Amino acid sequence: MPTHVIYARKSTESEDRQVLSIDSQINELRAIAMRRGIRIGEVLTESHSAKAPGRPIFSELMRRVSKGSVSGILCWKMDRLARNHLDTGLVLQALADGKVAEVITSDRTYTRDGNDRFMGSFELGMATKYIDDLRANVKRGNRARFERGWVNHTPPLGYLMDPITKTIVKDPKRFDVVRRMWDLLLDGAHRPGDILKIANEQWHFRTRKFKRMGDNLLSRSVLYAIFGNVFYTGLIRLQDGRTFPGAHPAMVSQEQFDRVQDLLGRPNRSRPKDHEFAFTGLMRCGNCGGGITAEEHIKPSGRRYVYYRCSRRKTGVTCREPFSSEGELERQVVERLRALEIPEKILAWIRRRVERTFAADRARMQDVREQLTRSLAGLQREQDNLLSLRLKDLLDDATFEARQRQIEDERRRIDGRVSAGGTSATEATRLTLNTFSFASNAAKTFVQGSPVQKRMILEAAGLNYELKSKTLRWELKQPLRIIADAGGYFNWSSCPDDVRTWIEERTEDFHIPVAIMPSAIHSTP
């Protein structure tokens with residue numbers, strides 16, 4: 001037998017802040033039913049937003065209405081039933097078809113009568129309009145916030161949302177710790193797994209504490225999310241791909257971020273696995289182009305032997321490349337790296353020369369910075385003039401908005417150059433000195449280093465590793481290739497004057513060191 005049903009809903013979102021709680025709605029509706037002598041067959045409750053279709057309890061209610069098992073619905077207001085066009089249509093059609101005899105609210109009753117249905121459609125239409133306006137206002141507010149450089153969500157680890165100003169500030173407990181994680185990965189001597197262990201066990205790192213969650217150990221997925229989030233470079237990137245310059249303090253530079261992405265996942269190259277093989281994921285078979293895998297053999301005596309061979313997984317290709325021992329491959333690498341060694345006397349002169357060269361660059365960069373600042377002032381004047389012309393109706397909307405976008409794009413480009421200009425020469429000095437120190441110490445550190453250090457040196461020094469007939473062929477990266485050429489040209493036996501002349505002719509080649517230098521071997525004596 002059809003019965004009346006109470007339906008009480010409250011969303012957890014901001015749209016329902018002024019609505020009675022579910023318990024209060026039920027109490028009020030039971031009182032209405034008692035005054036009217038209505039028998040309530042069931043009470044249905046739901047904590048779900050009605051701004052979009054898909055509420056499971058409401059869907060079940062309408063299914064029972066369509067079967068004729070519900071004679072009437074009691075709800076606090078019509079907007080408890082629907083706030084979107086699809087659900088609105090279901091309720092109104094059920095009334096029109098007589099599937100449900102009445103919908104009773106706190107202020108009136110809606111039946112299949114045309115006037116009642118008109119008022120019901122009006123109430124439901126107003127509820128839908130409210131959601132549409134709310135959505136538009138939220139989008140507009142979010143867009144304005146993004147343009148000012150602030151996100152509208154909880155920032156990642158290392159940052160906090162100031163509850164008063166609603167701006168993003170440094171987390172005093174975690175900002176420096178997260179920056180140290182970046183430094184460990186940038187140094188090249190630690191993999192993400194090592195950093196995770198150090199953060200949790202040595203630094204006792206914990207995530208932020210929220211009301212019902214948080215204060216946990218750092219997980220591997222969160223660590224990788226940190227290393228892939230452009231927010232740490234001072235940018236805001238939305239899910240649709242749009243990017244805005246952030247007003248929050250950057251933790252790393254764009255160059256450092258790109259370097260980390262290179263370390264975490266190189267294109268067309270297998271990622272490093274959690275094992276202690278220095279060469280896997282770096283080499284290709286010179287015969288079939290397949291990947292090179294490693295095999296470990298431990299003799300009864302306990303001695304460990306590692307061999308590398310083609311994985312032989314190329315479809316339709318039979319590869320018979322022989323095994324190569326790890327010791328033989330390391331011998332070939334060390335022989336190549338020894339060509340990078342520089343005598344201390346020559347190295348000391350190079351350091352002095354580089355520091356003087358980039359000191360002059362810093363002075364030039366200051367001039368460039370001042371010119372960029374003047375350009376920003378000119379853009380501001382143009383923007384003010386553009387607004388004046390628009391207010392006087394001397395420009396149409398399309399022209400005004402197009403030029404506004406061009407000015408904003410130019411402003412962001414110049415702002416980026418101004419921000420980078422102050423540190424570029426200093427960073428270039430450091431990278432260049434690290435490059436020479438790396439070159440001079442690479443062979444010695446490779447011989448003495450762990451498998452992880454050896455792998456980092458291989459990634460920093462070379463590319464296009466190919467194993468064929470037990471011979472490892474590879475190319476040195478720039479500018480290491482230049483250093484090797486100099487060693488072969490001079491044999492580092494010439495006087496410093498000859499070396500000075502040679503380097504001065506190639507100074508520009510050392511301004512952008514490409515290699516990623518592990519900190520374990522690039523420290524300057």
# chains A, B, ... in the order shown; residues from 1 in each chain; ligands from 1
>>> residues_around(residues="Ala294 (chain A)", least_positions_apart="4", cutoff="9 Å", atoms="only C-alpha atoms", output="list of chain:residue names")
A:Phe277, A:Phe279, A:Thr280, A:Val306, A:Tyr307, A:Tyr308, A:Arg309, A:Cys310, A:Ser311, A:Glu326
>>> write_last_selection(atoms="N, CA and C atoms", output="PDB file, in the first residue's frame")
ATOM      1  N   PHE A 277      72.461  -2.179  -9.363  1.00  0.00           N
ATOM      2  CA  PHE A 277      73.174  -2.318 -10.630  1.00  0.00           C
ATOM      3  C   PHE A 277      73.406  -0.935 -11.219  1.00  0.00           C
ATOM      4  N   PHE A 279      74.581   0.015 -14.239  1.00  0.00           N
ATOM      5  CA  PHE A 279      74.435   0.257 -15.674  1.00  0.00           C
ATOM      6  C   PHE A 279      73.031   0.002 -16.223  1.00  0.00           C
ATOM      7  N   THR A 280      72.171  -0.672 -15.472  1.00  0.00           N
ATOM      8  CA  THR A 280      70.854  -0.994 -16.018  1.00  0.00           C
ATOM      9  C   THR A 280      70.034   0.261 -16.258  1.00  0.00           C
ATOM     10  N   VAL A 306      78.656  -9.829 -11.441  1.00  0.00           N
ATOM     11  CA  VAL A 306      77.544  -9.215 -12.161  1.00  0.00           C
ATOM     12  C   VAL A 306      77.877  -9.192 -13.643  1.00  0.00           C
ATOM     13  N   TYR A 307      76.929  -9.653 -14.466  1.00  0.00           N
ATOM     14  CA  TYR A 307      77.105  -9.664 -15.911  1.00  0.00           C
ATOM     15  C   TYR A 307      75.947  -8.902 -16.553  1.00  0.00           C
ATOM     16  N   TYR A 308      76.240  -8.278 -17.687  1.00  0.00           N
ATOM     17  CA  TYR A 308      75.219  -7.528 -18.432  1.00  0.00           C
ATOM     18  C   TYR A 308      75.056  -8.174 -19.799  1.00  0.00           C
ATOM     19  N   ARG A 309      73.807  -8.266 -20.215  1.00  0.00           N
ATOM     20  CA  ARG A 309      73.507  -8.869 -21.515  1.00  0.00           C
ATOM     21  C   ARG A 309      72.260  -8.223 -22.102  1.00  0.00           C
ATOM     22  N   CYS A 310      72.041  -8.450 -23.394  1.00  0.00           N
ATOM     23  CA  CYS A 310      70.843  -7.966 -24.060  1.00  0.00           C
ATOM     24  C   CYS A 310      69.621  -8.692 -23.498  1.00  0.00           C
ATOM     25  N   SER A 311      68.532  -7.978 -23.293  1.00  0.00           N
ATOM     26  CA  SER A 311      67.317  -8.600 -22.769  1.00  0.00           C
ATOM     27  C   SER A 311      66.657  -9.520 -23.780  1.00  0.00           C
ATOM     28  N   GLU A 326      80.716  -6.804 -15.312  1.00  0.00           N
ATOM     29  CA  GLU A 326      80.659  -5.452 -14.762  1.00  0.00           C
ATOM     30  C   GLU A 326      82.044  -4.860 -14.607  1.00  0.00           C
TER      31      GLU A 326
END
>>> residues_around(residues="Arg313 (chain A)", least_positions_apart="5", cutoff="9 Å", atoms="only C-alpha atoms", output="CSV table (one decimal) with all heavy atoms, in the first residue's frame")
chain,number,residue,atom,x,y,z
A,290,GLY,N,67.8,-3.4,-28.3
A,290,GLY,CA,67.0,-3.7,-27.1
A,290,GLY,C,67.7,-3.2,-25.8
A,290,GLY,O,68.8,-2.7,-25.8
A,291,GLY,N,67.0,-3.3,-24.7
A,291,GLY,CA,67.6,-2.9,-23.4
A,291,GLY,C,68.6,-3.9,-22.9
A,291,GLY,O,68.6,-5.1,-23.3
A,318,THR,N,66.6,-12.0,-33.5
A,318,THR,CA,67.4,-12.9,-32.7
A,318,THR,C,68.7,-12.3,-32.5
A,318,THR,O,69.5,-12.0,-33.4
A,318,THR,CB,67.6,-14.3,-33.5
A,318,THR,OG1,66.3,-14.8,-33.8
A,318,THR,CG2,68.4,-15.2,-32.7
A,319,CYS,N,69.0,-12.0,-31.2
A,319,CYS,CA,70.2,-11.3,-30.8
A,319,CYS,C,71.1,-12.3,-30.1
A,319,CYS,O,70.7,-12.9,-29.2
A,319,CYS,CB,69.9,-10.1,-29.9
A,319,CYS,SG,71.3,-9.1,-29.5
>>> residues_around(residues="Met283 (chain A)", least_positions_apart="6", cutoff="7 Å", atoms="only C-alpha atoms", output="PyMOL selection string")
chain A and resi 291-292+465-467
>>> select_by_dssp(residues="region 19-82 of chain A", states="strand (DSSP E)", output="PyMOL selection string")
chain A and resi 40-46+70-74
>>> closest_residue(among="A:Pro479, A:Pro172, A:Gly378, A:Gly449", to="Leu160 (chain A)", atoms="only C-alpha atoms")
A:Pro172
>>> residues_around(residues="His248 (chain A)", least_positions_apart="4", cutoff="7 Å", atoms="only C-alpha atoms", output="list in words")
Ile168, Val169 and Gly234 of chain A
>>> closest_atom_pairs(of="region 307-410 of chain A", to="region 433-437 of chain A", cutoff="9 Å", atoms="only C-alpha atoms", output="Markdown table")
| residue | atom | partner | partner_atom | distance |
| --- | --- | --- | --- | --- |
| A:Leu340 | CA | A:Phe436 | CA | 8.7 |
| A:Glu341 | CA | A:Phe436 | CA | 9.0 |
| A:Ile342 | CA | A:Phe436 | CA | 8.2 |
| A:Leu347 | CA | A:Phe436 | CA | 7.5 |
| A:Ile350 | CA | A:Phe436 | CA | 8.3 |
| A:Arg351 | CA | A:Leu433 | CA | 6.4 |
| A:Val354 | CA | A:Leu433 | CA | 7.4 |
| A:Glu355 | CA | A:Leu433 | CA | 8.5 |
>>> write_last_selection(atoms="N, CA, C and O atoms", output="JSON list (two decimals), in the first residue's frame")
[["chain", "number", "residue", "atom", "x", "y", "z"],
["A", 340, "LEU", "N", 89.40, 13.31, -18.46],
["A", 340, "LEU", "CA", 88.85, 14.56, -17.95],
["A", 340, "LEU", "C", 89.68, 15.13, -16.81],
["A", 340, "LEU", "O", 89.41, 16.25, -16.37],
["A", 341, "GLU", "N", 90.64, 14.39, -16.28],
["A", 341, "GLU", "CA", 91.41, 14.84, -15.13],
["A", 341, "GLU", "C", 92.25, 16.07, -15.49],
["A", 341, "GLU", "O", 92.86, 16.14, -16.57],
["A", 342, "ILE", "N", 92.26, 17.05, -14.58],
["A", 342, "ILE", "CA", 92.97, 18.31, -14.80],
["A", 342, "ILE", "C", 93.96, 18.50, -13.66],
["A", 342, "ILE", "O", 93.58, 18.38, -12.49],
["A", 347, "LEU", "N", 93.76, 23.70, -12.73],
["A", 347, "LEU", "CA", 92.41, 23.81, -12.20],
["A", 347, "LEU", "C", 92.26, 25.07, -11.34],
["A", 347, "LEU", "O", 91.24, 25.76, -11.40],
["A", 350, "ILE", "N", 91.89, 28.00, -13.63],
["A", 350, "ILE", "CA", 90.56, 28.01, -14.24],
["A", 350, "ILE", "C", 89.54, 28.58, -13.27],
["A", 350, "ILE", "O", 88.68, 29.38, -13.65],
["A", 351, "ARG", "N", 89.62, 28.19, -12.00],
["A", 351, "ARG", "CA", 88.66, 28.70, -11.01],
["A", 351, "ARG", "C", 88.75, 30.22, -10.92],
["A", 351, "ARG", "O", 87.72, 30.91, -10.89],
["A", 354, "VAL", "N", 87.22, 31.81, -14.08],
["A", 354, "VAL", "CA", 85.76, 31.71, -14.13],
["A", 354, "VAL", "C", 85.12, 32.72, -13.19],
["A", 354, "VAL", "O", 84.15, 33.40, -13.54],
["A", 355, "GLU", "N", 85.67, 32.84, -11.98],
["A", 355, "GLU", "CA", 85.10, 33.78, -11.01],
["A", 355, "GLU", "C", 85.18, 35.21, -11.51],
["A", 355, "GLU", "O", 84.25, 36.00, -11.35]]
>>> residues_around(residues="Lys10 (chain A)", least_positions_apart="6", cutoff="12 Å", atoms="only C-alpha atoms", output="mmCIF file with N, CA and C atoms, in the first residue's frame")
data_model
loop_
_atom_site.group_PDB
_atom_site.id
_atom_site.type_symbol
_atom_site.label_atom_id
_atom_site.label_comp_id
_atom_site.auth_asym_id
_atom_site.auth_seq_id
_atom_site.Cartn_x
_atom_site.Cartn_y
_atom_site.Cartn_z
ATOM 1 N N ASP A 16 24.561 24.974 1.795
ATOM 2 C CA ASP A 16 23.535 24.602 2.769
ATOM 3 C C ASP A 16 23.879 25.046 4.182
ATOM 4 N N ARG A 17 24.665 26.063 4.332
ATOM 5 C CA ARG A 17 25.062 26.477 5.673
ATOM 6 C C ARG A 17 23.877 26.946 6.521
ATOM 7 N N GLN A 18 22.844 27.515 5.880
ATOM 8 C CA GLN A 18 21.722 28.072 6.629
ATOM 9 C C GLN A 18 20.556 27.090 6.748
ATOM 10 N N VAL A 19 20.726 25.868 6.281
ATOM 11 C CA VAL A 19 19.639 24.890 6.302
ATOM 12 C C VAL A 19 19.670 24.119 7.622
ATOM 13 N N LEU A 20 18.469 23.740 8.108
ATOM 14 C CA LEU A 20 18.382 22.942 9.317
ATOM 15 C C LEU A 20 19.147 21.638 9.165
ATOM 16 N N SER A 21 19.601 21.101 10.289
ATOM 17 C CA SER A 21 20.238 19.800 10.260
ATOM 18 C C SER A 21 19.217 18.734 9.871
ATOM 19 N N ILE A 22 19.707 17.566 9.508
ATOM 20 C CA ILE A 22 18.797 16.489 9.095
ATOM 21 C C ILE A 22 17.852 16.110 10.231
ATOM 22 N N ASP A 23 18.367 16.014 11.451
ATOM 23 C CA ASP A 23 17.508 15.658 12.589
ATOM 24 C C ASP A 23 16.418 16.709 12.798
ATOM 25 N N SER A 24 16.778 17.989 12.669
ATOM 26 C CA SER A 24 15.792 19.054 12.837
ATOM 27 C C SER A 24 14.730 18.985 11.748
ATOM 28 N N GLN A 25 15.145 18.708 10.516
ATOM 29 C CA GLN A 25 14.180 18.575 9.424
ATOM 30 C C GLN A 25 13.196 17.447 9.713
ATOM 31 N N ILE A 26 13.706 16.323 10.185
ATOM 32 C CA ILE A 26 12.843 15.172 10.459
ATOM 33 C C ILE A 26 11.843 15.500 11.561
ATOM 34 N N LEU A 44 13.763 8.768 4.872
ATOM 35 C CA LEU A 44 14.977 8.656 4.053
ATOM 36 C C LEU A 44 15.849 9.887 4.292
ATOM 37 N N THR A 45 17.128 9.667 4.566
ATOM 38 C CA THR A 45 18.060 10.779 4.793
ATOM 39 C C THR A 45 19.265 10.644 3.863
ATOM 40 N N GLU A 46 19.846 11.797 3.549
ATOM 41 C CA GLU A 46 20.971 11.792 2.609
ATOM 42 C C GLU A 46 21.849 13.016 2.868
ATOM 43 N N SER A 47 23.156 12.818 2.895
ATOM 44 C CA SER A 47 24.132 13.915 2.993
ATOM 45 C C SER A 47 24.857 13.986 1.651
ATOM 46 N N HIS A 48 24.293 14.750 0.746
ATOM 47 C CA HIS A 48 24.807 14.787 -0.625
ATOM 48 C C HIS A 48 24.338 16.067 -1.291
ATOM 49 N N SER A 49 25.208 16.701 -2.059
ATOM 50 C CA SER A 49 24.824 17.902 -2.784
ATOM 51 C C SER A 49 23.839 17.559 -3.902
ATOM 52 N N ALA A 50 22.857 18.457 -4.125
ATOM 53 C CA ALA A 50 21.859 18.253 -5.179
ATOM 54 C C ALA A 50 22.166 19.081 -6.412
ATOM 55 N N LYS A 51 23.350 19.695 -6.486
ATOM 56 C CA LYS A 51 23.651 20.559 -7.628
ATOM 57 C C LYS A 51 23.870 19.769 -8.919
ATOM 58 N N ARG A 55 22.382 11.397 -6.804
ATOM 59 C CA ARG A 55 22.198 11.068 -5.386
ATOM 60 C C ARG A 55 21.560 9.673 -5.271
ATOM 61 N N CYS A 75 9.127 17.009 2.661
ATOM 62 C CA CYS A 75 10.490 17.540 2.700
ATOM 63 C C CYS A 75 10.437 18.962 3.237
ATOM 64 N N TRP A 76 11.525 19.454 3.789
ATOM 65 C CA TRP A 76 11.535 20.772 4.427
ATOM 66 C C TRP A 76 11.259 21.868 3.403
ATOM 67 N N LYS A 77 11.943 21.872 2.273
ATOM 68 C CA LYS A 77 11.731 22.810 1.175
ATOM 69 C C LYS A 77 11.869 22.038 -0.135
ATOM 70 N N ASP A 79 13.799 22.707 -2.501
ATOM 71 C CA ASP A 79 15.197 22.592 -2.921
ATOM 72 C C ASP A 79 15.906 21.428 -2.233
ATOM 73 N N ARG A 80 15.251 20.786 -1.237
ATOM 74 C CA ARG A 80 15.825 19.564 -0.666
ATOM 75 C C ARG A 80 15.710 18.420 -1.659
ATOM 76 N N LEU A 81 14.670 18.474 -2.525
ATOM 77 C CA LEU A 81 14.477 17.412 -3.516
ATOM 78 C C LEU A 81 15.372 17.600 -4.732
ATOM 79 N N ALA A 82 15.498 18.823 -5.232
ATOM 80 C CA ALA A 82 16.231 19.007 -6.487
ATOM 81 C C ALA A 82 16.839 20.394 -6.565
#
>>> select_by_dssp(residues="region 142-338 of chain A", states="helix (DSSP H, G or I)", output="PyMOL selection string")
chain A and resi 142-148+175-187+192-202+220-227+230-233+254-264+326-338
>>> residues_around(residues="Asn142 (chain A)", least_positions_apart="4", cutoff="7 Å", atoms="only C-alpha atoms", output="PyMOL selection string")
chain A and resi 138+146+152
>>> residues_around(residues="Val447 (chain A)", least_positions_apart="5", cutoff="9 Å", atoms="only C-alpha atoms", output="list in words")
Glu330, Arg331, Val334, Ala442 and Lys454 of chain A
